[in-house]
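So this one's input03.cif, mmCIF, C-alpha atoms:
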data_entry
loop_
_atom_site.label_atom_id
_atom_site.label_comp_id
_atom_site.auth_asym_id
_atom_site.auth_seq_id
_atom_site.Cartn_x
_atom_site.Cartn_y
_atom_site.Cartn_z
CA MET A 98 -98.50 23.52 63.54
CA ARG A 99 -95.50 24.69 65.59
CA PRO A 100 -93.76 27.90 64.47
CA ALA A 101 -90.41 26.18 63.86
CA LYS A 102 -92.02 23.59 61.63
CA ARG A 103 -93.86 26.29 59.71
CA GLY A 104 -90.58 28.16 59.18
CA PHE A 105 -88.96 25.03 57.85
CA ARG A 106 -91.84 24.51 55.47
CA ARG A 107 -91.60 28.08 54.19
CA LEU A 108 -87.88 27.68 53.67
CA SER A 109 -88.28 24.51 51.69
CA ILE A 110 -90.94 26.10 49.49
CA LEU A 111 -88.61 29.05 48.86
CA LEU A 112 -85.74 26.73 48.02
CA GLY A 113 -88.02 24.66 45.83
CA MET A 114 -88.76 27.80 43.85
CA LEU A 115 -85.13 28.95 43.77
CA VAL A 116 -83.61 25.74 42.54
CA PRO A 117 -85.47 25.66 39.19
CA LEU A 118 -84.63 29.35 38.79
CA LEU A 119 -80.95 28.60 39.23
CA LEU A 120 -81.09 25.48 37.09
CA CYS A 121 -82.63 27.31 34.16
CA GLY A 122 -79.23 28.96 33.76
CA CYS A 123 -77.95 25.57 32.64
CA GLU A 124 -80.39 25.28 29.76
CA ARG A 125 -78.64 26.98 26.85
CA ASP A 126 -81.38 26.92 24.26
CA MET A 127 -80.46 30.37 23.01
CA ALA A 128 -76.84 29.36 22.52
CA ASP A 129 -77.77 26.61 20.09
CA GLN A 130 -80.87 27.78 18.28
CA PRO A 131 -82.81 25.66 15.79
CA LYS A 132 -81.07 27.19 12.78
CA TYR A 133 -78.19 26.06 10.62
CA GLU A 134 -74.85 27.71 11.07
CA PRO A 135 -72.85 27.92 7.85
CA LEU A 136 -72.07 24.42 6.55
CA GLU A 137 -73.74 22.72 9.54
CA ALA A 138 -74.90 19.18 8.86
CA ALA A 139 -78.60 18.60 8.15
CA ALA A 140 -79.80 15.05 7.74
CA ILE A 141 -82.84 16.02 5.66
CA PHE A 142 -80.72 17.10 2.66
CA PRO A 143 -78.63 14.97 0.29
CA ASN A 144 -75.08 14.46 1.59
CA ASP A 145 -76.24 16.03 4.88
CA GLN A 146 -75.49 19.47 3.46
CA SER A 147 -77.56 22.33 4.87
CA ALA A 148 -75.63 24.67 2.58
CA ARG A 149 -77.13 23.63 -0.74
CA PRO A 150 -74.93 23.70 -3.83
CA LEU A 151 -76.05 26.13 -6.53
CA VAL A 152 -78.47 24.87 -9.14
CA GLU A 153 -76.63 24.34 -12.39
CA GLY A 154 -76.79 27.38 -14.64
CA THR A 155 -77.25 29.85 -11.80
CA VAL A 156 -76.10 33.34 -12.77
CA ALA A 157 -75.00 35.81 -10.10
CA ARG A 158 -76.99 39.05 -10.04
CA ASP A 159 -73.87 41.13 -10.69
CA ALA A 160 -72.26 38.70 -13.15
CA VAL A 161 -70.83 40.10 -16.38
CA LEU A 162 -72.84 38.45 -19.14
CA GLU A 163 -70.79 39.55 -22.15
CA PRO A 164 -68.24 37.00 -23.35
CA ARG A 165 -64.83 37.70 -21.79
CA PRO A 166 -62.72 40.00 -23.96
CA GLU A 167 -59.39 39.02 -25.52
CA ARG A 168 -57.55 41.84 -23.73
CA SER A 169 -57.88 42.76 -20.08
CA PRO A 170 -60.67 45.31 -19.52
CA LEU A 171 -58.82 46.71 -16.51
CA PRO A 172 -56.50 49.72 -16.84
CA MET A 173 -52.86 49.13 -15.88
CA THR A 174 -52.90 51.23 -12.73
CA GLU A 175 -50.86 50.85 -9.58
CA ALA A 176 -53.96 49.86 -7.62
CA VAL A 177 -54.77 47.07 -10.09
CA LEU A 178 -51.18 45.81 -10.00
CA LYS A 179 -51.13 45.85 -6.21
CA ARG A 180 -54.37 43.92 -6.06
CA GLY A 181 -53.06 41.51 -8.69
CA ARG A 182 -49.84 41.00 -6.77
CA GLU A 183 -51.72 40.29 -3.54
CA ARG A 184 -54.05 37.77 -5.22
CA TYR A 185 -51.19 36.22 -7.19
CA ASP A 186 -49.15 35.72 -4.02
CA ILE A 187 -52.10 34.04 -2.29
CA TYR A 188 -53.43 31.75 -5.01
CA CYS A 189 -50.72 31.33 -7.67
CA SER A 190 -47.33 31.67 -6.00
CA PRO A 191 -47.49 28.37 -4.06
CA CYS A 192 -46.89 26.61 -7.41
CA HIS A 193 -45.81 29.27 -9.90
CA GLY A 194 -43.36 30.95 -7.52
CA ARG A 195 -43.19 34.59 -6.49
CA THR A 196 -41.47 35.56 -9.75
CA GLY A 197 -43.48 33.32 -12.05
CA ASP A 198 -40.63 30.95 -12.88
CA GLY A 199 -42.62 27.90 -11.78
CA GLU A 200 -40.36 27.22 -8.79
CA GLY A 201 -42.92 27.47 -6.04
CA MET A 202 -42.92 25.60 -2.74
CA ILE A 203 -45.46 23.00 -3.85
CA PRO A 204 -43.49 21.75 -6.92
CA GLU A 205 -40.52 21.55 -4.57
CA ARG A 206 -42.55 19.03 -2.54
CA GLY A 207 -43.34 16.82 -5.50
CA PHE A 208 -46.10 18.52 -7.48
CA PRO A 209 -45.32 18.50 -11.23
CA ARG A 210 -43.51 21.73 -12.08
CA PRO A 211 -45.63 24.29 -13.96
CA PRO A 212 -44.12 26.09 -16.96
CA SER A 213 -42.38 29.41 -16.45
CA TYR A 214 -44.25 32.57 -17.51
CA HIS A 215 -41.06 33.86 -19.06
CA SER A 216 -41.02 31.54 -22.07
CA ASP A 217 -41.69 33.08 -25.49
CA ARG A 218 -44.86 30.99 -25.86
CA LEU A 219 -46.45 32.37 -22.70
CA ARG A 220 -45.14 35.89 -23.13
CA ASN A 221 -46.92 36.06 -26.47
CA ALA A 222 -50.13 34.44 -25.20
CA PRO A 223 -53.12 36.80 -25.05
CA ASP A 224 -54.49 38.09 -21.72
CA SER A 225 -57.53 35.90 -22.20
CA HIS A 226 -55.36 32.75 -22.08
CA TYR A 227 -54.42 33.43 -18.43
CA TYR A 228 -57.97 34.41 -17.58
CA ASP A 229 -59.31 31.16 -19.05
CA VAL A 230 -56.72 29.03 -17.25
CA ILE A 231 -57.66 30.60 -13.91
CA THR A 232 -61.35 30.08 -14.65
CA GLU A 233 -61.25 26.55 -16.05
CA GLY A 234 -57.94 25.13 -14.94
CA PHE A 235 -55.34 23.63 -17.27
CA GLY A 236 -53.92 20.10 -17.33
CA ILE A 237 -53.51 19.09 -13.71
CA MET A 238 -54.18 22.63 -12.47
CA PHE A 239 -57.63 22.92 -10.90
CA SER A 240 -60.07 25.71 -11.64
CA TYR A 241 -59.78 28.73 -9.38
CA ALA A 242 -63.17 30.14 -10.37
CA ASN A 243 -64.50 29.54 -6.84
CA ARG A 244 -61.62 31.26 -5.18
CA VAL A 245 -60.73 34.16 -7.49
CA ALA A 246 -63.42 36.62 -8.59
CA PRO A 247 -63.50 37.62 -12.30
CA GLU A 248 -62.14 41.12 -11.64
CA ASP A 249 -59.31 39.68 -9.55
CA ARG A 250 -58.45 37.30 -12.40
CA TRP A 251 -57.81 40.29 -14.67
CA ALA A 252 -55.76 41.93 -11.91
CA ILE A 253 -53.67 38.76 -11.68
CA VAL A 254 -53.19 38.83 -15.45
CA ALA A 255 -51.94 42.42 -15.14
CA TYR A 256 -49.46 41.36 -12.47
CA ILE A 257 -48.27 38.39 -14.54
CA ARG A 258 -47.55 40.86 -17.36
CA ALA A 259 -45.55 42.98 -14.91
CA LEU A 260 -43.60 39.88 -13.84
CA GLN A 261 -42.89 39.03 -17.47
CA LEU A 262 -41.67 42.55 -18.12
CA SER A 263 -39.44 42.37 -15.03
CA GLN A 264 -37.53 39.44 -16.59
CA HIS A 265 -37.31 40.83 -20.10
CA ALA A 266 -36.80 44.56 -19.66
CA THR A 267 -34.19 46.15 -21.90
CA ARG A 268 -31.90 49.05 -21.07
CA ASP A 269 -34.24 51.28 -23.08
CA ASP A 270 -37.22 50.28 -20.90
CA VAL A 271 -35.23 51.20 -17.84
CA ARG A 272 -34.20 54.53 -19.34
CA GLU A 273 -37.76 55.33 -20.33
CA ALA A 274 -38.93 54.68 -16.78
CA GLY A 275 -36.22 57.04 -15.51
CA LEU A 276 -34.67 54.31 -13.38
CA GLU A 277 -31.18 54.19 -14.96
CA ASP A 278 -29.56 55.65 -11.85
CA LYS A 279 -30.83 52.76 -9.80
CA LEU A 280 -29.42 50.29 -12.29
CA ARG A 281 -25.99 51.90 -11.96
CA GLU A 282 -26.27 51.82 -8.18
CA ALA A 283 -27.10 48.13 -8.26
CA LYS A 284 -23.95 47.44 -10.24
CA MET B 74 -84.45 35.86 92.19
CA HIS B 75 -82.07 32.96 92.79
CA ARG B 76 -84.33 30.67 90.93
CA ALA B 77 -84.32 33.02 87.95
CA LEU B 78 -80.52 33.23 87.97
CA ARG B 79 -80.21 29.52 88.19
CA ARG B 80 -82.39 29.18 85.16
CA ILE B 81 -80.12 31.54 83.23
CA GLU B 82 -77.14 29.54 84.37
CA ALA B 83 -78.73 26.35 83.18
CA VAL B 84 -79.56 27.86 79.84
CA ASN B 85 -76.03 29.14 79.50
CA HIS B 86 -74.56 25.80 80.18
CA ARG B 87 -76.79 24.13 77.75
CA PHE B 88 -76.40 26.38 74.68
CA TRP B 89 -73.66 28.97 74.93
CA ASP B 90 -70.82 27.35 76.68
CA PHE B 91 -68.42 30.14 75.73
CA GLY B 92 -67.92 31.74 79.13
CA PRO B 93 -68.70 31.37 82.80
CA PRO B 94 -72.40 31.28 83.55
CA LEU B 95 -73.80 34.72 84.15
CA GLY B 96 -75.24 33.69 87.45
CA SER B 97 -71.90 32.78 89.01
CA PHE B 98 -70.73 36.39 89.04
CA SER B 99 -73.78 37.67 90.71
CA ARG B 100 -73.61 35.05 93.38
CA LYS B 101 -69.93 35.53 94.26
CA ARG B 102 -69.59 39.28 93.90
CA GLY B 103 -73.15 40.40 93.98
CA CYS B 104 -72.76 42.15 90.68
CA ALA B 105 -74.43 40.85 87.53
CA LEU B 106 -73.19 41.03 83.94
CA MET B 107 -69.66 42.24 84.65
CA GLY B 108 -66.25 40.89 83.74
CA GLN B 109 -65.44 38.40 80.97
CA ILE B 110 -68.36 37.03 79.16
CA PHE B 111 -66.49 34.60 76.87
CA ARG B 112 -63.98 32.01 77.85
CA PRO B 113 -60.70 31.77 75.83
CA ARG B 114 -61.98 28.86 73.84
CA ALA B 115 -64.59 31.16 72.32
CA ASN B 116 -61.79 32.41 70.03
CA SER B 117 -61.44 28.98 68.47
CA PHE B 118 -65.17 28.73 68.12
CA ALA B 119 -65.27 32.08 66.33
CA ARG B 120 -62.51 30.96 63.99
CA ILE B 121 -64.21 27.70 63.24
CA ALA B 122 -67.48 29.51 62.67
CA LEU B 123 -65.83 31.94 60.22
CA LEU B 124 -64.14 29.10 58.40
CA ALA B 125 -67.41 27.21 58.21
CA LEU B 126 -69.12 30.30 56.85
CA PHE B 127 -66.38 30.58 54.24
CA LEU B 128 -66.57 26.92 53.33
CA VAL B 129 -70.32 26.77 53.14
CA ILE B 130 -70.98 30.04 51.31
CA LEU B 131 -67.87 31.24 49.54
CA LEU B 132 -66.22 28.00 48.52
CA PRO B 133 -69.04 26.69 46.32
CA PHE B 134 -69.15 30.06 44.59
CA GLY B 135 -65.40 30.05 44.24
CA ILE B 136 -65.39 26.56 42.81
CA GLY B 137 -68.25 27.51 40.50
CA PHE B 138 -66.43 30.54 39.13
CA ALA B 139 -63.16 28.68 38.78
CA LEU B 140 -64.94 25.86 36.96
CA VAL B 141 -66.72 28.19 34.55
CA ARG B 142 -63.43 29.91 33.72
CA SER B 143 -61.43 26.69 33.52
CA PRO B 144 -60.37 25.18 30.20
CA TYR B 145 -62.65 22.28 31.07
CA LEU B 146 -65.71 24.41 30.33
CA THR B 147 -64.32 27.12 28.01
CA GLY B 148 -62.69 24.57 25.71
CA VAL B 149 -59.39 26.47 25.60
CA ASP B 150 -56.62 24.18 24.36
CA ASP B 151 -59.19 21.59 23.36
CA VAL B 152 -58.14 19.68 20.27
CA PRO B 153 -61.33 18.22 18.82
CA ARG B 154 -61.07 15.01 16.85
CA GLN B 155 -61.10 15.69 13.12
CA PRO B 156 -61.64 13.35 10.18
CA VAL B 157 -58.13 14.24 8.95
CA PRO B 158 -55.34 15.36 11.30
CA PHE B 159 -54.82 18.59 9.36
CA SER B 160 -51.71 20.52 10.39
CA HIS B 161 -51.75 24.30 10.07
CA GLN B 162 -48.14 24.24 11.15
CA HIS B 163 -47.15 22.28 8.07
CA HIS B 164 -49.30 24.19 5.60
CA VAL B 165 -48.88 27.72 6.99
CA SER B 166 -45.35 27.81 8.41
CA GLY B 167 -43.84 24.97 6.44
CA LEU B 168 -45.25 25.70 2.98
CA GLY B 169 -46.07 29.39 3.42
CA ILE B 170 -49.64 29.09 2.15
CA ASP B 171 -51.73 32.20 2.88
CA CYS B 172 -54.78 31.84 5.17
CA ARG B 173 -56.99 33.03 2.33
CA TYR B 174 -55.94 30.22 0.00
CA CYS B 175 -58.37 27.98 1.91
CA HIS B 176 -60.48 30.38 4.00
CA ASP B 177 -61.41 32.39 0.96
CA SER B 178 -64.54 34.21 2.09
CA VAL B 179 -62.88 35.76 5.15
CA GLU B 180 -62.49 39.13 3.42
CA HIS B 181 -66.04 39.59 2.24
CA ALA B 182 -68.35 37.50 4.42
CA ALA B 183 -69.25 36.88 8.05
CA PHE B 184 -68.08 33.28 7.70
CA ALA B 185 -64.37 32.81 7.02
CA GLY B 186 -65.10 29.80 4.83
CA MET B 187 -64.09 26.20 5.18
CA PRO B 188 -62.36 24.88 2.09
CA PRO B 189 -64.36 22.45 -0.03
CA THR B 190 -62.69 19.11 -0.78
CA GLU B 191 -61.79 20.59 -4.17
CA THR B 192 -59.32 22.96 -2.46
CA CYS B 193 -57.54 20.06 -0.73
CA MET B 194 -57.46 18.10 -3.97
CA THR B 195 -55.91 21.04 -5.86
CA CYS B 196 -52.61 19.80 -4.47
CA HIS B 197 -53.44 16.35 -3.09
CA SER B 198 -54.60 14.98 -6.43
CA GLN B 199 -50.84 14.96 -7.16
CA ILE B 200 -49.01 14.92 -3.81
CA TRP B 201 -49.37 12.30 -1.04
CA THR B 202 -51.88 10.47 -3.21
CA ASP B 203 -51.30 7.20 -1.33
CA ALA B 204 -51.28 8.60 2.20
CA ALA B 205 -53.74 6.67 4.38
CA MET B 206 -54.22 9.82 6.43
CA LEU B 207 -55.80 11.49 3.40
CA GLU B 208 -58.18 8.66 2.52
CA PRO B 209 -61.22 10.56 3.94
CA VAL B 210 -60.38 13.46 1.58
CA ARG B 211 -60.18 11.18 -1.45
CA GLU B 212 -63.36 9.42 -0.43
CA SER B 213 -65.13 12.76 -0.14
CA TRP B 214 -63.83 13.68 -3.61
CA ARG B 215 -65.10 10.39 -5.08
CA THR B 216 -68.52 10.44 -3.43
CA GLY B 217 -69.23 14.15 -3.26
CA LYS B 218 -70.04 13.84 0.43
CA PRO B 219 -68.32 16.70 2.27
CA LEU B 220 -65.82 16.12 5.06
CA ARG B 221 -67.37 16.62 8.50
CA TRP B 222 -64.91 18.81 10.37
CA THR B 223 -65.54 19.53 14.04
CA ARG B 224 -65.95 23.21 14.75
CA VAL B 225 -63.14 24.48 16.99
CA TYR B 226 -64.59 27.94 17.61
CA ASP B 227 -68.29 27.80 18.32
CA LEU B 228 -69.85 31.09 19.37
CA PRO B 229 -73.32 31.04 20.97
CA ASP B 230 -76.04 31.60 18.36
CA PHE B 231 -77.11 34.87 19.99
CA VAL B 232 -73.79 36.45 19.08
CA TYR B 233 -73.33 38.04 15.68
CA PHE B 234 -69.76 37.85 14.47
CA ASN B 235 -68.44 39.02 11.13
CA HIS B 236 -64.97 38.01 9.98
CA ALA B 237 -64.81 40.47 7.09
CA VAL B 238 -65.32 43.56 9.21
CA HIS B 239 -62.62 42.52 11.67
CA VAL B 240 -60.12 41.62 8.99
CA SER B 241 -60.71 44.85 7.06
CA HIS B 242 -60.23 46.95 10.20
CA GLY B 243 -56.84 45.57 11.10
CA ILE B 244 -57.66 42.68 13.41
CA GLY B 245 -55.36 39.84 12.47
CA CYS B 246 -56.18 36.14 12.41
CA THR B 247 -53.79 35.30 15.23
CA THR B 248 -55.29 37.93 17.54
CA CYS B 249 -58.25 35.63 18.15
CA HIS B 250 -57.06 32.28 16.81
CA GLY B 251 -53.63 32.29 18.45
CA PRO B 252 -50.43 31.11 16.79
CA VAL B 253 -52.20 28.95 14.22
CA GLY B 254 -48.99 28.60 12.21
CA ARG B 255 -47.43 26.72 15.12
CA MET B 256 -50.35 24.34 15.74
CA PRO B 257 -49.81 20.79 14.47
CA LEU B 258 -53.49 20.20 15.31
CA THR B 259 -55.94 23.06 15.54
CA ARG B 260 -56.89 24.00 19.07
CA GLN B 261 -59.00 26.74 20.59
CA ALA B 262 -56.69 29.52 21.73
CA THR B 263 -59.12 31.88 23.43
CA PRO B 264 -61.99 31.42 25.92
CA LEU B 265 -64.64 33.30 23.85
CA PHE B 266 -66.03 34.96 26.96
CA MET B 267 -67.99 38.14 26.43
CA SER B 268 -65.42 39.84 28.65
CA TRP B 269 -62.78 38.62 26.23
CA CYS B 270 -64.61 40.23 23.30
CA LEU B 271 -65.09 43.43 25.28
CA ASP B 272 -61.45 43.59 26.20
CA CYS B 273 -60.76 44.53 22.59
CA HIS B 274 -64.00 46.36 21.89
CA ARG B 275 -63.20 48.75 24.75
CA ALA B 276 -59.60 49.31 23.69
CA PRO B 277 -59.00 48.19 20.08
CA GLU B 278 -55.72 50.15 19.98
CA LYS B 279 -54.17 47.32 22.00
CA TYR B 280 -54.71 44.83 19.18
CA VAL B 281 -55.24 46.57 15.84
CA ARG B 282 -52.43 46.14 13.32
CA PRO B 283 -51.55 47.47 9.86
CA ARG B 284 -53.75 45.92 7.17
CA GLU B 285 -50.83 44.37 5.31
CA HIS B 286 -50.02 42.27 8.40
CA VAL B 287 -53.54 41.00 9.12
CA PHE B 288 -52.80 37.59 7.58
CA ASP B 289 -49.23 37.40 8.82
CA PRO B 290 -49.12 34.39 11.17
CA ASP B 291 -45.92 35.59 12.87
CA TRP B 292 -46.84 39.21 13.54
CA THR B 293 -46.04 40.47 17.03
CA PRO B 294 -47.09 43.88 18.38
CA PRO B 295 -44.38 46.55 18.14
CA ARG B 296 -43.06 48.22 21.30
CA ASP B 297 -45.14 51.33 20.72
CA GLN B 298 -48.29 49.35 19.91
CA LEU B 299 -50.51 51.77 21.84
CA VAL B 300 -49.24 54.79 19.87
CA GLN B 301 -49.44 53.03 16.49
CA GLY B 302 -52.71 51.40 17.49
CA ARG B 303 -54.34 54.75 18.24
CA GLN B 304 -53.24 56.06 14.85
CA LEU B 305 -54.64 53.00 13.09
CA VAL B 306 -57.93 53.19 15.00
CA HIS B 307 -58.25 56.75 13.76
CA GLU B 308 -57.17 55.87 10.22
CA TYR B 309 -59.61 52.95 9.94
CA GLY B 310 -62.45 55.06 11.32
CA ILE B 311 -63.14 52.71 14.22
CA ARG B 312 -65.70 54.41 16.47
CA VAL B 313 -64.58 53.05 19.81
CA GLY B 314 -67.59 54.40 21.75
CA LYS B 315 -69.97 52.46 19.53
CA LEU B 316 -68.11 49.17 19.83
CA THR B 317 -69.61 48.38 23.23
CA ASP B 318 -73.22 48.95 22.15
CA CYS B 319 -75.27 45.82 22.84
CA SER B 320 -76.53 45.72 19.27
CA GLN B 321 -73.00 45.50 17.86
CA CYS B 322 -72.96 41.79 18.65
CA HIS B 323 -76.48 40.94 19.83
CA ARG B 324 -78.77 41.71 16.91
#
Rewrite the coordinates I just gave you, this time as structure tokens.
Amino acid sequence: MRPAKRGFRRLSILLGMLVPLLLCGCERDMADQPKYEPLEAAAIFPNDQSARPLVEGTVARDAVLEPRPERSPLPMTEAVLKRGRERYDIYCSPCHGRTGDGEGMIPERGFPRPPSYHSDRLRNAPDSHYYDVITEGFGIMFSYANRVAPEDRWAIVAYIRALQLSQHATRDDVREAGLEDKLREAK
Amino acid sequence: MHRALRRIEAVNHRFWDFGPPLGSFSRKRGCALMGQIFRPRANSFARIALLALFLVILLPFGIGFALVRSPYLTGVDDVPRQPVPFSHQHHVSGLGIDCRYCHDSVEHAAFAGMPPTETCMTCHSQIWTDAAMLEPVRESWRTGKPLRWTRVYDLPDFVYFNHAVHVSHGIGCTTCHGPVGRMPLTRQATPLFMSWCLDCHRAPEKYVRPREHVFDPDWTPPRDQLVQGRQLVHEYGIRVGKLTDCSQCHR
């Protein structure tokens, strides 16, 4: 064989080895591994759901098993109120409004208007009433049990109480809180 | 001797026609290998050769790199087809609904959470109940078969990403997902390159924001972002040196 021909043959062998090496960069097996990402479809399960719904009656390991109390088990601290306000603004205010008067953005767009928290009936309702409504829903309101954890429900109840107080505070309440100066300023 | 020179001449004429044949000098002036070797047209040849080198070697690489970084392959600005043309612009900016109303596991899980049909129906059992656009939602509610949304952000499976840890350390939704509140249809805002991840992991102070603004769709960095950012990085206990460890994301 002539040297030039041999060189050409060597080159083609080298290229033949290089090309598969370069092409294997195109195979992205590792990028899409044979596992299910959250909520990915899986034909072998009913409804194609790889994320299986919980078996009925499943109890979370850290669930509170005692029946829910009539009054909120949480102390009325600033931290609880802040948490309650945050959760209320996320999950409740779209319908119930930021102040709890039932004038949220969604009723403005045609959803039936929810009752105001500032009526006598709701002001006198026990803490557990609000907790139960969040857990189970009420009338056309859906349950928020999936979206709001039990502890957060009590925090929301605490914040609803604060909202109710904000609309029904008397001059004595203001004096007791030492905020009378601010009231005068506002006037 | 003459025969040898003539052979060189012949060779020169055949292959390297850049300059006068070497032999011609020696014959006229009796002095070999002096004077100009290349003729003027050799310049053009050199240019053409350089250009060819560029075209043959650099251009394919250039095109390759440009292609890999182009939206065509990164998916930036891609708007995948969805079963329902859901508008974040309407729900976030128009109605003021918080991100967490629907993406409710974002604060305590790796996965931000896609709302179940129940979340849509919380409002749409009462509003827009006849809208044809929402028929897939109602059908899903009737049959129990979940809606099949197309993932807009798909990280490679060898990357570990946790929403909760980012959100709780002051990285806002819009930092990675772009101005979601101004998207009529959801599109991918960022290329998801590793270099893009590292851009923040090397210098989180450029992006970190106060916790109360993490879910604010309209937040923009203040003028002294770097100063505030450094304070927040310290306050949140972000160990910047550790953020570029391989095992942070590849575990």
Please evaluate the PyMOL selection byres ((chain B and resi 182-187) around 6) against the displayed coordinates and give the resulting residues as number ranges by chain.
B: 176-179, 181, 188, 235-237
Name the residues captured by the PyMOL selection byres ((chain B and resi 216-223) around 9) when it is applied to the shown file; answer as an NGL selection string.
(:A and (137-138 or 143-146)) or (:B and (153-157 or 189-190 or 209-215 or 224-225))
Top pick for closest residue to chain B, considering A:Ile141, A:Cys189, A:Ala274, A:Ala157 and counting only C-alpha atoms:
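Going through A:Ile141, A:Cys189, A:Ala274, A:Ala157 one by one, the smallest distance to chain B is for A:Cys189.
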Take atom CA of Ala119 of chain B and atom CA of Pro133 of chain B and report the distance between them in Å, one decimal.
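We find that atom CA of Ala119 of chain B and atom CA of Pro133 of chain B lie 21.1 Å from each other.
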Dump as a tab-separated table the rows for residues of segment 198-252 of chain B within 9 Å of segment 318-324 of chain B: closest atom pair and distance in Å with one decimal, all atoms listed in the file counted, ordered by chain and rising residue number.
residue	atom	partner	partner_atom	distance
B:Phe231	CA	B:His323	CA	6.1
B:Val232	CA	B:His323	CA	5.3
B:Tyr233	CA	B:Cys322	CA	4.8
B:Phe234	CA	B:Cys322	CA	6.6
Need to verify the contact set: Ala176 of chain A, 12 Å, only C-alpha atoms, exclusion of same-chain residues closer than 2 positions in sequence. Can you return it as JSON, numbers by chain?
{"A": [171, 172, 173, 174, 178, 179, 180, 181, 182, 183, 249, 252, 253, 255, 256]}
Hey, what's within 6 Å of segment 162-167 of chain B if we count only C-alpha atoms and toss same-chain stuff fewer than 5 positions away? As number ranges by chain, please?
B: 254-257
Run through the PyMOL selection byres ((chain A) within 6 of (chain B)) on the given coordinates and return the selected residues as a VMD selection string.
chain A and resid 128 to 129 144 187 to 188 208 239
In Å, how far is it from atom CA of Thr147 of chain B to atom CA of Ile130 of chain B?
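Separation between atom CA of Thr147 of chain B and atom CA of Ile130 of chain B: 24.4 Å.
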Neighbours of Gly194 of chain A within 10 Å (only C-alpha atoms; same-chain residues fewer than 4 positions away dropped), as a compact mmCIF listing (two decimals) with C-alpha atoms, in the frame of the given file?
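Below you can see part_8.txt, which holds the result:
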# COMPACT_ATOMS: atom_id res chain seq x y z
CA TYR A 185 -51.19 36.22 -7.19
CA ASP A 186 -49.15 35.72 -4.02
CA CYS A 189 -50.72 31.33 -7.67
CA SER A 190 -47.33 31.67 -6.00
CA ASP A 198 -40.63 30.95 -12.88
CA GLY A 199 -42.62 27.90 -11.78
CA GLU A 200 -40.36 27.22 -8.79
CA GLY A 201 -42.92 27.47 -6.04
CA MET A 202 -42.92 25.60 -2.74
CA ILE A 203 -45.46 23.00 -3.85
CA PRO A 204 -43.49 21.75 -6.92
CA PRO A 211 -45.63 24.29 -13.96
CA SER A 213 -42.38 29.41 -16.45
Report, in Å with one decimal, the straight-line distance from atom CA of Asp159 of chain A to atom CA of Leu136 of chain A.
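The value is 24.1 Å.
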Residues within 7 Å of Glu167 of chain A, please, as a VMD selection string. Count only C-alpha atoms; anything in the same chain fewer than 6 positions from it doesn't count.
chain A and resid 223 to 225
Got a sec: who's within 12 Å of Arg165 of chain A, counting all atoms listed in the file, leaving out chain neighbours fewer than 2 positions off, as a list in words?
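The residues that qualify are Ala160, Val161, Leu162, Glu163, Glu167, Arg168, Ser169, Pro170, Asp224, Ser225, His226, Tyr227, Tyr228, Asp229, Thr232, Pro247, Glu248, Arg250 and Trp251 of chain A.
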Give me a file of those residues, with C-alpha atoms, as a PDB file, keeping the file's coordinate frame.
ATOM      1  CA  ALA A 160     -72.260  38.700 -13.150  1.00  0.00           C
ATOM      2  CA  VAL A 161     -70.830  40.100 -16.380  1.00  0.00           C
ATOM      3  CA  LEU A 162     -72.840  38.450 -19.140  1.00  0.00           C
ATOM      4  CA  GLU A 163     -70.790  39.550 -22.150  1.00  0.00           C
ATOM      5  CA  GLU A 167     -59.390  39.020 -25.520  1.00  0.00           C
ATOM      6  CA  ARG A 168     -57.550  41.840 -23.730  1.00  0.00           C
ATOM      7  CA  SER A 169     -57.880  42.760 -20.080  1.00  0.00           C
ATOM      8  CA  PRO A 170     -60.670  45.310 -19.520  1.00  0.00           C
ATOM      9  CA  ASP A 224     -54.490  38.090 -21.720  1.00  0.00           C
ATOM     10  CA  SER A 225     -57.530  35.900 -22.200  1.00  0.00           C
ATOM     11  CA  HIS A 226     -55.360  32.750 -22.080  1.00  0.00           C
ATOM     12  CA  TYR A 227     -54.420  33.430 -18.430  1.00  0.00           C
ATOM     13  CA  TYR A 228     -57.970  34.410 -17.580  1.00  0.00           C
ATOM     14  CA  ASP A 229     -59.310  31.160 -19.050  1.00  0.00           C
ATOM     15  CA  THR A 232     -61.350  30.080 -14.650  1.00  0.00           C
ATOM     16  CA  PRO A 247     -63.500  37.620 -12.300  1.00  0.00           C
ATOM     17  CA  GLU A 248     -62.140  41.120 -11.640  1.00  0.00           C
ATOM     18  CA  ARG A 250     -58.450  37.300 -12.400  1.00  0.00           C
ATOM     19  CA  TRP A 251     -57.810  40.290 -14.670  1.00  0.00           C
TER      20      TRP A 251
END
